[in-house]
Amino acid sequence: MNNNMKNIIITLISLLYGICTFAQGNTKITINIPQVDTTQLRATIGILDPMLNLDSKYYRDTAVIKDGKCQFTFDIKHTSYIYLLINNKYVTMPGDYAVLVEPNDDLTFDVPSIKEVGFFGWGIGKVNVSGKGSEKLNLFKKAMGKCLEIYAKDPDYAKQSITYKYETTDKKLSVVDSMLSRDKTVPSNIKDLLKAQMYGTMMTMLFRSSKRSESDSLRSLFDKYIVSKNRMDVFFKKDVVKYGRTIGSYLILSEFRNPVTVGADDFEKKHKIRYAEILVKRLKKYPEIRDYLLSDHLWTCIRGGFDSTTTKLYQYYCDNADFNNPNYNGVVKLYENTEKKFAAGKPFYNFALPDSTGTIHKLTDFKGKVLVIDFWYNGCGGCKLMVPALEQAENELKGKNVQFISIGIDKRRLWLEGIGKYSSINSLQLYTEGQSKDHPMMKYLNISAYPRLIIVDKEGKIAEAPPEPRSRKADFIKFVEKLL
């Protein structure tokens, strides 16, 4: 599973209930972990159902672990990705951030004590999984364990040549193939999803490096290790594309000998229309995959910020996607609602939010200032990566008529604990009073992808979508300065 699937599109829907609150649902996850000291342990579960439409895919909830145990009971209709964290550490990473769970599974995860947690988490190799449906997770555990043995022998990733990256990835993919073919306990359709997950994780890294590479050998390596070995075949099976999204990068690498010359791994962001054209051209034989990837591309672009290119992309989508595809109506609705709220020149929501002392801050308090507003939540990986970029921008713009505002959507304790980790410590810290998606502001804005940056000009009107500060810091600062 690639990182983009974890970045976390957060559309909260009512499909999960922790049994600490409710006791209903067809699927159960039990977490056991030794309580070795007085550290309070909190378990977080995230459910991503790739088969649901784009507007209703993800749910996240947190519960306190009591006496070393916690359970979540929930309903799912399709095989889904489940993310498990304890105190913001992933239960199954190293390995992958998520595992596949089927409807009616009853799984128990026995996790070592908090003292044994690593940088990312415990890792699938250290966690014992048992119960109904555990066969597929133990197969995943065995296959990833063999792959991790190869990873352990690899040099630092930054020091690997592009040739080495293709060779070592090929070895890992072959291990996955071998482990899956030898297993007799897991149905073939679930094996396809496991393969897509593991292939997707490894190939995402490889394709990202490929899109950045200036090597003259790139095309021959790509043809030798990916094309000629039919590595992408599994992703073209019915619905599998939704479980391991690498087709987009594969098509870019097929289209350009050296994608680094046309935007590298930012190609989809820098050339939104061109990318959509590639999907249409190269997926003529796969209309369902084409429409899914077109829908996902437009959805991501709308969520990332609304500008004139978004309007052109929307028109292209309407002209080329089948209006009967399951995401069509949702995409159209999202575009129309977002255009009303976020188009450049529209007044921003007239908020009134408290800081940590209870003082209320209103949009009108900042008239005459440019606002850089950052929406975040505790545990958001992308939010954590955004912090250094925002802090650098704050230093560059210090003394100018710019106000940085961080708005947390968690309950008060989680919000306070996350300040400085998932939001810039120097920003004005406001929060949605623990109401999350139910706060009137969040209901109106309907933000589902975090972190989300919105720039508001001196008149309280929304500016165009800014450059990404994590990758284009100088451009971001210039963008803000032009509004002064």
# chains A, B, ... in the order shown; residues from 1 in each chain; ligands from 1

$ residues_around --residues "A:Cys147" --least-positions-apart "4" --cutoff "12 Å" --atoms "only C-alpha atoms" --output "list in words"
Pro94, Gly95, Asp96, Gly125, Phe140, Lys141, Lys142, Ala143, Tyr151, Ala152, Lys153, Asp154, Thr168, Thr169, Asp170, Lys171, Lys172, Leu173, Ser174, Val175, Val176, Asp177, Ser178, Met179, Met198, Tyr199, Thr201 and Met202 of chain A

$ write_last_selection --atoms "C-alpha atoms" --output "tab-separated table (two decimals), in the first residue's frame"
chain	number	residue	atom	x	y	z
A	94	PRO	CA	7.57	-2.41	9.68
A	95	GLY	CA	5.66	-4.55	7.25
A	96	ASP	CA	2.89	-2.22	6.17
A	125	GLY	CA	6.86	-9.78	12.57
A	140	PHE	CA	1.23	-11.63	4.65
A	141	LYS	CA	3.47	-11.84	7.72
A	142	LYS	CA	5.54	-14.69	6.24
A	143	ALA	CA	5.93	-13.02	2.85
A	151	TYR	CA	15.63	-5.06	2.94
A	152	ALA	CA	18.00	-5.60	5.86
A	153	LYS	CA	20.86	-6.35	3.44
A	154	ASP	CA	20.15	-3.37	1.19
A	168	THR	CA	16.46	-5.69	-5.33
A	169	THR	CA	12.79	-4.88	-5.93
A	170	ASP	CA	12.65	-7.72	-8.44
A	171	LYS	CA	13.98	-10.12	-5.80
A	172	LYS	CA	11.33	-9.01	-3.31
A	173	LEU	CA	8.50	-9.28	-5.82
A	174	SER	CA	9.68	-12.79	-6.71
A	175	VAL	CA	9.62	-13.72	-3.01
A	176	VAL	CA	6.03	-12.51	-2.81
A	177	ASP	CA	5.10	-14.60	-5.85
A	178	SER	CA	6.76	-17.68	-4.38
A	179	MET	CA	5.12	-17.37	-0.96
A	198	MET	CA	2.81	-5.89	-1.22
A	199	TYR	CA	3.61	-5.13	-4.84
A	201	THR	CA	4.27	-0.92	-1.35
A	202	MET	CA	7.50	-1.91	-3.10

$ residues_around --residues "A:Ser134" --least-positions-apart "3" --cutoff "12 Å" --atoms "only C-alpha atoms" --output "PyMOL selection string"
chain A and resi 29+99-102+104-109+127-131+137-141+185-186

$ residues_around --residues "A:Tyr166" --least-positions-apart "2" --cutoff "12 Å" --atoms "only C-alpha atoms" --output "PyMOL selection string"
chain A and resi 157+160-164+168-173+202-210+217-226

$ write_last_selection --atoms "N, CA and C atoms" --output "PDB file, in the first residue's frame"
ATOM      1  N   TYR A 157      18.812   3.556   1.238  1.00  0.00           N
ATOM      2  CA  TYR A 157      18.064   3.734  -0.010  1.00  0.00           C
ATOM      3  C   TYR A 157      18.617   4.879  -0.856  1.00  0.00           C
ATOM      4  N   GLN A 160      21.521   3.823  -3.091  1.00  0.00           N
ATOM      5  CA  GLN A 160      21.321   2.780  -4.094  1.00  0.00           C
ATOM      6  C   GLN A 160      21.218   3.396  -5.488  1.00  0.00           C
ATOM      7  N   SER A 161      21.873   2.788  -6.452  1.00  0.00           N
ATOM      8  CA  SER A 161      21.722   3.213  -7.843  1.00  0.00           C
ATOM      9  C   SER A 161      20.352   2.782  -8.342  1.00  0.00           C
ATOM     10  N   ILE A 162      19.893   3.367  -9.426  1.00  0.00           N
ATOM     11  CA  ILE A 162      18.592   2.984  -9.964  1.00  0.00           C
ATOM     12  C   ILE A 162      18.616   1.528 -10.430  1.00  0.00           C
ATOM     13  N   THR A 163      19.773   1.075 -10.921  1.00  0.00           N
ATOM     14  CA  THR A 163      19.896  -0.334 -11.322  1.00  0.00           C
ATOM     15  C   THR A 163      19.712  -1.251 -10.122  1.00  0.00           C
ATOM     16  N   TYR A 164      20.373  -0.919  -9.007  1.00  0.00           N
ATOM     17  CA  TYR A 164      20.249  -1.738  -7.800  1.00  0.00           C
ATOM     18  C   TYR A 164      18.798  -1.754  -7.312  1.00  0.00           C
ATOM     19  N   THR A 168      16.896  -5.238  -6.657  1.00  0.00           N
ATOM     20  CA  THR A 168      16.464  -5.686  -5.333  1.00  0.00           C
ATOM     21  C   THR A 168      14.944  -5.731  -5.235  1.00  0.00           C
ATOM     22  N   THR A 169      14.258  -4.824  -5.910  1.00  0.00           N
ATOM     23  CA  THR A 169      12.795  -4.878  -5.931  1.00  0.00           C
ATOM     24  C   THR A 169      12.318  -6.135  -6.640  1.00  0.00           C
ATOM     25  N   ASP A 170      12.998  -6.496  -7.704  1.00  0.00           N
ATOM     26  CA  ASP A 170      12.646  -7.716  -8.442  1.00  0.00           C
ATOM     27  C   ASP A 170      12.766  -8.946  -7.543  1.00  0.00           C
ATOM     28  N   LYS A 171      13.804  -8.997  -6.724  1.00  0.00           N
ATOM     29  CA  LYS A 171      13.975 -10.122  -5.797  1.00  0.00           C
ATOM     30  C   LYS A 171      12.808 -10.188  -4.807  1.00  0.00           C
ATOM     31  N   LYS A 172      12.415  -9.045  -4.296  1.00  0.00           N
ATOM     32  CA  LYS A 172      11.330  -9.015  -3.314  1.00  0.00           C
ATOM     33  C   LYS A 172       9.999  -9.406  -3.941  1.00  0.00           C
ATOM     34  N   LEU A 173       9.743  -8.919  -5.140  1.00  0.00           N
ATOM     35  CA  LEU A 173       8.501  -9.282  -5.818  1.00  0.00           C
ATOM     36  C   LEU A 173       8.459 -10.776  -6.118  1.00  0.00           C
ATOM     37  N   MET A 202       6.138  -1.880  -2.564  1.00  0.00           N
ATOM     38  CA  MET A 202       7.504  -1.907  -3.099  1.00  0.00           C
ATOM     39  C   MET A 202       7.630  -1.122  -4.402  1.00  0.00           C
ATOM     40  N   MET A 203       6.629  -1.239  -5.261  1.00  0.00           N
ATOM     41  CA  MET A 203       6.713  -0.581  -6.553  1.00  0.00           C
ATOM     42  C   MET A 203       6.469   0.918  -6.457  1.00  0.00           C
ATOM     43  N   THR A 204       5.742   1.352  -5.444  1.00  0.00           N
ATOM     44  CA  THR A 204       5.552   2.791  -5.251  1.00  0.00           C
ATOM     45  C   THR A 204       6.894   3.473  -5.026  1.00  0.00           C
ATOM     46  N   MET A 205       7.717   2.886  -4.162  1.00  0.00           N
ATOM     47  CA  MET A 205       9.050   3.449  -3.914  1.00  0.00           C
ATOM     48  C   MET A 205       9.904   3.418  -5.173  1.00  0.00           C
ATOM     49  N   LEU A 206       9.865   2.286  -5.880  1.00  0.00           N
ATOM     50  CA  LEU A 206      10.666   2.144  -7.091  1.00  0.00           C
ATOM     51  C   LEU A 206      10.226   3.137  -8.161  1.00  0.00           C
ATOM     52  N   PHE A 207       8.933   3.267  -8.364  1.00  0.00           N
ATOM     53  CA  PHE A 207       8.431   4.170  -9.398  1.00  0.00           C
ATOM     54  C   PHE A 207       8.694   5.631  -9.039  1.00  0.00           C
ATOM     55  N   ARG A 208       8.650   5.945  -7.745  1.00  0.00           N
ATOM     56  CA  ARG A 208       8.974   7.316  -7.338  1.00  0.00           C
ATOM     57  C   ARG A 208      10.427   7.637  -7.673  1.00  0.00           C
ATOM     58  N   SER A 209      11.321   6.712  -7.358  1.00  0.00           N
ATOM     59  CA  SER A 209      12.732   6.907  -7.698  1.00  0.00           C
ATOM     60  C   SER A 209      12.924   6.980  -9.207  1.00  0.00           C
ATOM     61  N   SER A 210      12.182   6.167  -9.942  1.00  0.00           N
ATOM     62  CA  SER A 210      12.298   6.152 -11.403  1.00  0.00           C
ATOM     63  C   SER A 210      11.885   7.489 -11.998  1.00  0.00           C
ATOM     64  N   SER A 217      19.694   4.486 -18.384  1.00  0.00           N
ATOM     65  CA  SER A 217      19.308   3.069 -18.325  1.00  0.00           C
ATOM     66  C   SER A 217      17.868   2.865 -17.856  1.00  0.00           C
ATOM     67  N   LEU A 218      17.205   3.937 -17.491  1.00  0.00           N
ATOM     68  CA  LEU A 218      15.880   3.809 -16.883  1.00  0.00           C
ATOM     69  C   LEU A 218      14.912   3.011 -17.750  1.00  0.00           C
ATOM     70  N   ARG A 219      14.826   3.349 -19.036  1.00  0.00           N
ATOM     71  CA  ARG A 219      13.866   2.669 -19.905  1.00  0.00           C
ATOM     72  C   ARG A 219      14.152   1.177 -20.011  1.00  0.00           C
ATOM     73  N   SER A 220      15.410   0.808 -20.169  1.00  0.00           N
ATOM     74  CA  SER A 220      15.742  -0.616 -20.302  1.00  0.00           C
ATOM     75  C   SER A 220      15.472  -1.365 -19.001  1.00  0.00           C
ATOM     76  N   LEU A 221      15.738  -0.734 -17.855  1.00  0.00           N
ATOM     77  CA  LEU A 221      15.457  -1.366 -16.566  1.00  0.00           C
ATOM     78  C   LEU A 221      13.953  -1.557 -16.373  1.00  0.00           C
ATOM     79  N   PHE A 222      13.211  -0.540 -16.705  1.00  0.00           N
ATOM     80  CA  PHE A 222      11.753  -0.589 -16.586  1.00  0.00           C
ATOM     81  C   PHE A 222      11.185  -1.704 -17.466  1.00  0.00           C
ATOM     82  N   ASP A 223      11.661  -1.787 -18.684  1.00  0.00           N
ATOM     83  CA  ASP A 223      11.187  -2.825 -19.609  1.00  0.00           C
ATOM     84  C   ASP A 223      11.583  -4.225 -19.134  1.00  0.00           C
ATOM     85  N   LYS A 224      12.824  -4.359 -18.636  1.00  0.00           N
ATOM     86  CA  LYS A 224      13.337  -5.671 -18.242  1.00  0.00           C
ATOM     87  C   LYS A 224      12.641  -6.218 -17.002  1.00  0.00           C
ATOM     88  N   TYR A 225      12.506  -5.379 -15.974  1.00  0.00           N
ATOM     89  CA  TYR A 225      12.038  -5.881 -14.685  1.00  0.00           C
ATOM     90  C   TYR A 225      10.535  -5.699 -14.441  1.00  0.00           C
ATOM     91  N   ILE A 226       9.907  -4.796 -15.164  1.00  0.00           N
ATOM     92  CA  ILE A 226       8.480  -4.556 -14.950  1.00  0.00           C
ATOM     93  C   ILE A 226       7.643  -5.032 -16.139  1.00  0.00           C
TER      94      ILE A 226
END

$ residues_around --residues "stretch 460-470 of chain A" --least-positions-apart "2" --cutoff "7 Å" --atoms "only C-alpha atoms" --output "compact mmCIF listing (two decimals) with N, CA and C atoms, in the first residue's frame"
# COMPACT_ATOMS: atom_id res chain seq x y z
N GLY A 305 -7.03 21.92 -3.52
CA GLY A 305 -7.12 23.36 -3.72
C GLY A 305 -7.82 23.67 -5.03
N PHE A 306 -8.63 24.71 -5.01
CA PHE A 306 -9.48 25.01 -6.15
C PHE A 306 -8.91 26.18 -6.94
N ASP A 307 -8.66 25.97 -8.25
CA ASP A 307 -8.17 27.06 -9.10
C ASP A 307 -8.71 26.86 -10.52
N PHE A 342 -14.76 27.45 -2.20
CA PHE A 342 -13.32 27.64 -2.23
C PHE A 342 -12.78 28.32 -3.48
N ALA A 344 -11.36 31.02 -5.84
CA ALA A 344 -10.64 32.26 -5.51
C ALA A 344 -11.60 33.43 -5.57
N GLY A 345 -11.53 34.27 -4.53
CA GLY A 345 -12.38 35.44 -4.47
C GLY A 345 -13.62 35.26 -3.63
N LYS A 346 -13.93 34.00 -3.26
CA LYS A 346 -15.09 33.76 -2.40
C LYS A 346 -14.74 34.12 -0.96
N PRO A 347 -15.68 34.69 -0.19
CA PRO A 347 -15.40 34.99 1.22
C PRO A 347 -15.15 33.70 1.99
N PHE A 348 -14.15 33.72 2.89
CA PHE A 348 -13.88 32.54 3.70
C PHE A 348 -14.90 32.46 4.82
N LYS A 367 -8.77 41.20 9.80
CA LYS A 367 -8.94 41.98 8.57
C LYS A 367 -7.70 42.85 8.34
N MET A 386 4.51 18.55 7.46
CA MET A 386 4.24 19.94 7.09
C MET A 386 4.84 20.92 8.09
N ALA A 389 8.15 22.84 7.26
CA ALA A 389 7.94 23.76 6.14
C ALA A 389 7.22 25.02 6.59
N ILE A 455 -5.24 29.79 2.06
CA ILE A 455 -4.72 31.16 2.18
C ILE A 455 -5.89 32.12 2.03
N VAL A 456 -6.01 33.05 2.96
CA VAL A 456 -7.07 34.06 2.93
C VAL A 456 -6.42 35.43 2.79
N ASP A 457 -6.91 36.23 1.85
CA ASP A 457 -6.27 37.53 1.62
C ASP A 457 -6.70 38.56 2.65
N LYS A 458 -6.23 39.79 2.50
CA LYS A 458 -6.45 40.83 3.50
C LYS A 458 -7.91 41.26 3.62
N ARG A 472 8.04 23.14 -2.36
CA ARG A 472 8.26 24.40 -3.09
C ARG A 472 8.20 25.58 -2.12
N LYS A 473 9.08 25.55 -1.14
CA LYS A 473 9.04 26.55 -0.07
C LYS A 473 9.18 27.97 -0.62
N ASP A 475 8.56 29.18 -3.59
CA ASP A 475 7.37 29.57 -4.36
C ASP A 475 6.20 29.87 -3.42
N PHE A 476 6.10 29.09 -2.35
CA PHE A 476 5.03 29.32 -1.38
C PHE A 476 5.18 30.70 -0.73
N PHE A 479 4.29 33.41 -3.12
CA PHE A 479 2.84 33.44 -3.31
C PHE A 479 2.18 34.27 -2.21

$ residues_around --residues "stretch 285-287 of chain A" --least-positions-apart "2" --cutoff "12 Å" --atoms "only C-alpha atoms" --output "PyMOL selection string"
chain A and resi 235-239+241+247+279-283+289-295+320-325

$ write_last_selection --atoms "N, CA and C atoms" --output "PDB file, in the first residue's frame"
ATOM      1  N   PHE A 235      -2.805  -5.734 -11.116  1.00  0.00           N
ATOM      2  CA  PHE A 235      -3.538  -4.487 -10.904  1.00  0.00           C
ATOM      3  C   PHE A 235      -4.636  -4.264 -11.937  1.00  0.00           C
ATOM      4  N   PHE A 236      -4.587  -5.001 -13.037  1.00  0.00           N
ATOM      5  CA  PHE A 236      -5.603  -4.857 -14.074  1.00  0.00           C
ATOM      6  C   PHE A 236      -6.744  -5.859 -13.911  1.00  0.00           C
ATOM      7  N   LYS A 237      -6.693  -6.675 -12.861  1.00  0.00           N
ATOM      8  CA  LYS A 237      -7.817  -7.546 -12.552  1.00  0.00           C
ATOM      9  C   LYS A 237      -8.945  -6.706 -11.947  1.00  0.00           C
ATOM     10  N   LYS A 238     -10.147  -7.201 -12.031  1.00  0.00           N
ATOM     11  CA  LYS A 238     -11.322  -6.454 -11.610  1.00  0.00           C
ATOM     12  C   LYS A 238     -11.195  -5.939 -10.183  1.00  0.00           C
ATOM     13  N   ASP A 239     -11.291  -4.638 -10.037  1.00  0.00           N
ATOM     14  CA  ASP A 239     -11.310  -3.920  -8.755  1.00  0.00           C
ATOM     15  C   ASP A 239      -9.986  -3.912  -8.002  1.00  0.00           C
ATOM     16  N   VAL A 241      -7.175  -2.585  -8.754  1.00  0.00           N
ATOM     17  CA  VAL A 241      -6.532  -1.275  -8.815  1.00  0.00           C
ATOM     18  C   VAL A 241      -6.829  -0.453  -7.566  1.00  0.00           C
ATOM     19  N   ILE A 247      -0.862   2.025 -10.980  1.00  0.00           N
ATOM     20  CA  ILE A 247      -1.073   2.119 -12.426  1.00  0.00           C
ATOM     21  C   ILE A 247      -0.736   3.508 -12.954  1.00  0.00           C
ATOM     22  N   LEU A 279      -4.278   8.947 -18.969  1.00  0.00           N
ATOM     23  CA  LEU A 279      -5.194   7.912 -18.486  1.00  0.00           C
ATOM     24  C   LEU A 279      -6.191   7.517 -19.574  1.00  0.00           C
ATOM     25  N   VAL A 280      -6.737   8.515 -20.242  1.00  0.00           N
ATOM     26  CA  VAL A 280      -7.736   8.236 -21.284  1.00  0.00           C
ATOM     27  C   VAL A 280      -7.101   7.499 -22.461  1.00  0.00           C
ATOM     28  N   LYS A 281      -5.910   7.940 -22.862  1.00  0.00           N
ATOM     29  CA  LYS A 281      -5.244   7.340 -24.019  1.00  0.00           C
ATOM     30  C   LYS A 281      -4.820   5.905 -23.759  1.00  0.00           C
ATOM     31  N   ARG A 282      -4.247   5.637 -22.597  1.00  0.00           N
ATOM     32  CA  ARG A 282      -3.625   4.338 -22.349  1.00  0.00           C
ATOM     33  C   ARG A 282      -4.551   3.316 -21.689  1.00  0.00           C
ATOM     34  N   LEU A 283      -5.738   3.729 -21.309  1.00  0.00           N
ATOM     35  CA  LEU A 283      -6.654   2.793 -20.642  1.00  0.00           C
ATOM     36  C   LEU A 283      -7.942   2.586 -21.442  1.00  0.00           C
ATOM     37  N   ILE A 289     -11.222   0.977 -15.013  1.00  0.00           N
ATOM     38  CA  ILE A 289     -10.006   1.489 -14.372  1.00  0.00           C
ATOM     39  C   ILE A 289      -9.790   2.948 -14.764  1.00  0.00           C
ATOM     40  N   ARG A 290      -9.996   3.256 -16.037  1.00  0.00           N
ATOM     41  CA  ARG A 290      -9.873   4.644 -16.500  1.00  0.00           C
ATOM     42  C   ARG A 290     -10.772   5.570 -15.691  1.00  0.00           C
ATOM     43  N   ASP A 291     -12.039   5.211 -15.576  1.00  0.00           N
ATOM     44  CA  ASP A 291     -12.983   6.080 -14.874  1.00  0.00           C
ATOM     45  C   ASP A 291     -12.662   6.188 -13.391  1.00  0.00           C
ATOM     46  N   TYR A 292     -12.206   5.074 -12.801  1.00  0.00           N
ATOM     47  CA  TYR A 292     -11.830   5.127 -11.385  1.00  0.00           C
ATOM     48  C   TYR A 292     -10.649   6.071 -11.174  1.00  0.00           C
ATOM     49  N   LEU A 293      -9.607   5.938 -12.003  1.00  0.00           N
ATOM     50  CA  LEU A 293      -8.421   6.778 -11.839  1.00  0.00           C
ATOM     51  C   LEU A 293      -8.702   8.229 -12.210  1.00  0.00           C
ATOM     52  N   LEU A 294      -9.533   8.471 -13.222  1.00  0.00           N
ATOM     53  CA  LEU A 294      -9.934   9.843 -13.542  1.00  0.00           C
ATOM     54  C   LEU A 294     -10.707  10.462 -12.385  1.00  0.00           C
ATOM     55  N   SER A 295     -11.628   9.701 -11.818  1.00  0.00           N
ATOM     56  CA  SER A 295     -12.415  10.196 -10.682  1.00  0.00           C
ATOM     57  C   SER A 295     -11.519  10.507  -9.498  1.00  0.00           C
ATOM     58  N   ASN A 320     -15.033  12.905 -20.825  1.00  0.00           N
ATOM     59  CA  ASN A 320     -14.363  11.630 -21.103  1.00  0.00           C
ATOM     60  C   ASN A 320     -14.734  10.472 -20.181  1.00  0.00           C
ATOM     61  N   ALA A 321     -15.248  10.751 -19.010  1.00  0.00           N
ATOM     62  CA  ALA A 321     -15.624   9.671 -18.096  1.00  0.00           C
ATOM     63  C   ALA A 321     -17.065   9.242 -18.361  1.00  0.00           C
ATOM     64  N   ASP A 322     -17.331   7.981 -18.182  1.00  0.00           N
ATOM     65  CA  ASP A 322     -18.687   7.459 -18.325  1.00  0.00           C
ATOM     66  C   ASP A 322     -19.526   7.966 -17.150  1.00  0.00           C
ATOM     67  N   PHE A 323     -20.637   8.645 -17.452  1.00  0.00           N
ATOM     68  CA  PHE A 323     -21.432   9.219 -16.365  1.00  0.00           C
ATOM     69  C   PHE A 323     -22.126   8.150 -15.530  1.00  0.00           C
ATOM     70  N   ASN A 324     -22.070   6.892 -15.983  1.00  0.00           N
ATOM     71  CA  ASN A 324     -22.632   5.793 -15.196  1.00  0.00           C
ATOM     72  C   ASN A 324     -21.625   5.195 -14.220  1.00  0.00           C
ATOM     73  N   ASN A 325     -20.377   5.677 -14.231  1.00  0.00           N
ATOM     74  CA  ASN A 325     -19.402   5.107 -13.299  1.00  0.00           C
ATOM     75  C   ASN A 325     -19.800   5.481 -11.873  1.00  0.00           C
TER      76      ASN A 325
END

$ residues_around --residues "A:Phe120" --least-positions-apart "6" --cutoff "7 Å" --atoms "only C-alpha atoms" --output "MDAnalysis selection string"
chainID A and resid 89:90 93:94

$ closest_residue --among "A:Asp374, A:Glu481, A:Asp355, A:Asp156" --to "A:Tyr431" --atoms "only C-alpha atoms"
A:Asp355

$ select_by_dssp --residues "stretch 60-308 of chain A" --states "alpha helix (DSSP H)" --output "MDAnalysis selection string"
chainID A and resid 134:153 162:182 188:212 218:222 247:255 267:270 272:282 287:304 308

$ atom_distance --atom1 "atom CA of A:Val64" --atom2 "atom CA of A:Asp49"
24.1 Å

$ closest_residue --among "A:Val370, A:Leu251, A:Ile302, A:Ile33" --to "A:Val331" --atoms "only C-alpha atoms"
A:Ile302

$ closest_residue --among "A:Ser80, A:Asn350, A:Thr92, A:Ser423" --to "A:Tyr58" --atoms "only C-alpha atoms"
A:Ser80

$ atom_distance --atom1 "atom CA of A:Thr30" --atom2 "atom CA of A:Gln71"
4.4 Å

$ atom_distance --atom1 "atom CA of A:Leu180" --atom2 "atom CA of A:Gly145"
13.1 Å

$ closest_residue --among "A:Phe404, A:Tyr422, A:Ile124, A:Gly368" --to "A:Leu484" --atoms "only C-alpha atoms"
A:Gly368
